[in-house]
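**Student:** One structure, pasted below without further comment.
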Amino acid sequence: MKPFLILQLRPEEEASDDEFRAMLEKGGLEEGRTQRVRLEREDLPETDLGAYAGVIVGGGPGCVSDREDQKSAVEKRIEDAVMSLMPAVTANDVPFLGCCYGIGILAHHLGAQVSKDRYSEPVSVARATLTEAGRADPLLAGISEPFDAFVGHKEAVQELPPGCAHLVTGKACPFQMIRYGKNVYATQFHPEADGDVFALRIRIYRDKGYFAPQDAKRLTAEARLGNPGAGAAILRNFVRRYG
């Protein structure tokens with residue numbers, strides 16, 4: 001069986017390791033069926049994407065909408081690496097699941113606006129609902145709605161990108177999940193997250209501008225009340241469909 005290529009963007013080792021563990025756990029993946037690449041310190045493998053069952057891109061602190069002079073060297077390296085994949089991913093309809101950062105990458109590649117003007121969400125558990133297209137999509141099979149979506153992002157997609165189906169919406173951020181073609185997916189929320197995952201990220205990113213530091217304790221408590229079932233189902237459905 002082909003492995004899944006998992007691309008990670010978090011420069012903090014503890015956060016990166018925890019995200020990888022959560023992806024394996026929620027997706028029902030064995031580590032031996034993955035190729036993990038930490039893009040903040042590694043190059044993309046020079047391999048045809050056809051050698052992989054699919055590509056999963058994790059989240060990270062970077063923003064594609066930041067000016068070039070606002071991006072660190074690491075953030076620029078990560079963005080360039082992921083963006084370099086998108087022409088082949090979209091042209092060949094390669095199975096792809098971009099989580100949070102990934103929706104900005106996909107939308108930007110397709111020519112849609114990504115910015116901090118509207119639709120940002122603080123670290124929180126948002127309520128999300130399926131659109132008509134979402135109710136017919138195989139990655140969302142078996143999901144009851146509304147469902148809990150673990151969110152936290154400074155930028156957001158401002159409009160549905162050309163050629164995309166709108167699958168999941170939310171009150172504060174309308175574009176919570178989209179699909180391009182038949183197999184290229186992206187979520188604004190974190191499907192691998194649960195209360196423990198967010199508790200760790202709240203601790204690590206408390207001074208990164210996602211929320212007021214004094215709110216960390218309250219946000220942690222609220223995150224632990226969220227139900228991670230729907231996000232986990234999306235990851236499992238992706239792995240089962242393409243694995």
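We label chains A, B, ... in the order they appear in the structure tokens, count residues from 1 in each chain, and number ligands from 1 in the order shown.
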Would you mind listing what lies within 7 Å of Ala230 (chain A) as a PyMOL selection string, with only C-alpha atoms counted and same-chain residues fewer than 2 positions away left out?

**Tutor:** chain A and resi 143+147+228+232-234

**Student:** Just the residues within 8 Å of Val197 (chain A), please, counting only C-alpha atoms, with nothing from its chain fewer than 3 positions along; format it as a ChimeraX atom specification.

**Tutor:** /A:18-19,22,193-194,200-201

**Student:** Would you give me, as a tab-separated table, each residue of region 14-101 of chain A having an atom within 12 Å of an atom of region 169-178 of chain A, along with its shortest atom pair and that distance in Å to one decimal, using only C-alpha atoms and sorting by chain and residue number?

**Tutor:**
```
residue	atom	partner	partner_atom	distance
A:Phe96	CA	A:Ile178	CA	11.4
A:Leu97	CA	A:Ile178	CA	10.0
A:Gly98	CA	A:Met177	CA	9.6
A:Cys99	CA	A:Met177	CA	9.3
A:Cys100	CA	A:Gln176	CA	8.9
A:Tyr101	CA	A:Gln176	CA	11.9
```

**Student:** Between A:Ala199, A:Ile56, A:Leu49, A:Ile105, which has the minimum distance to Gly27 (chain A) (counting only C-alpha atoms)?

**Tutor:**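 Result for the nearest residue to Gly27 (chain A): A:Ile56.
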
**Student:** From the list A:Gly28, A:Pro138, A:Pro122, A:Pro11, which residue is nearest Gly152 (chain A) when using only C-alpha atoms?

**Tutor:**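 For Gly152 (chain A), the nearest of the given residues is A:Pro122.
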
**Student:** In region 16-172 of chain A, what's strand (DSSP E) per DSSP? Answer as an NGL selection string?

**Tutor:** :A and (34-38 or 54-57 or 96-99 or 114-115 or 121-130 or 147-153 or 156-157 or 164-170)

**Student:** From the set A:Arg236, A:His166, A:Asn92, A:Gly226, which residue has the shortest atom-to-atom contact distance to Met23 (chain A), counting only C-alpha atoms?

**Tutor:**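 Smallest separation from Met23 (chain A) among the options: A:Arg236.
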
**Student:** How many Å lie between CA of Glu75 (chain A) and CA of Lys217 (chain A), rounded to one decimal?

**Tutor:** 28.2 Å

**Student:** Taking 2 positions as the minimum chain separation for residues in the same chain, which residues sit within 9 Å of Ile202 (chain A) when counting only C-alpha atoms? Answer as a PyMOL selection string.

**Tutor:** chain A and resi 123+197-200+204-206+210-211+213+216-217+219-220

**Student:** Please produce an output containing C-alpha atoms for each residue in the selection, written as a compact mmCIF listing (two decimals), in the first residue's frame.

**Tutor:**
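Full text of part38.txt as output:
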```txt
# COMPACT_ATOMS: atom_id res chain seq x y z
CA VAL A 123 -8.99 29.86 19.54
CA VAL A 197 -4.43 19.02 21.60
CA PHE A 198 -5.78 22.56 21.95
CA ALA A 199 -4.67 22.78 25.57
CA LEU A 200 -1.10 22.16 24.48
CA ILE A 204 2.68 27.03 23.29
CA TYR A 205 1.07 29.84 21.26
CA ARG A 206 -0.26 32.01 24.09
CA TYR A 210 -4.18 34.27 18.58
CA PHE A 211 -5.78 35.36 21.86
CA PRO A 213 -2.65 35.64 27.13
CA ALA A 216 -5.50 31.01 28.23
CA LYS A 217 -7.03 29.25 31.24
CA LEU A 219 -9.92 28.92 26.54
CA THR A 220 -8.34 25.68 27.69
```
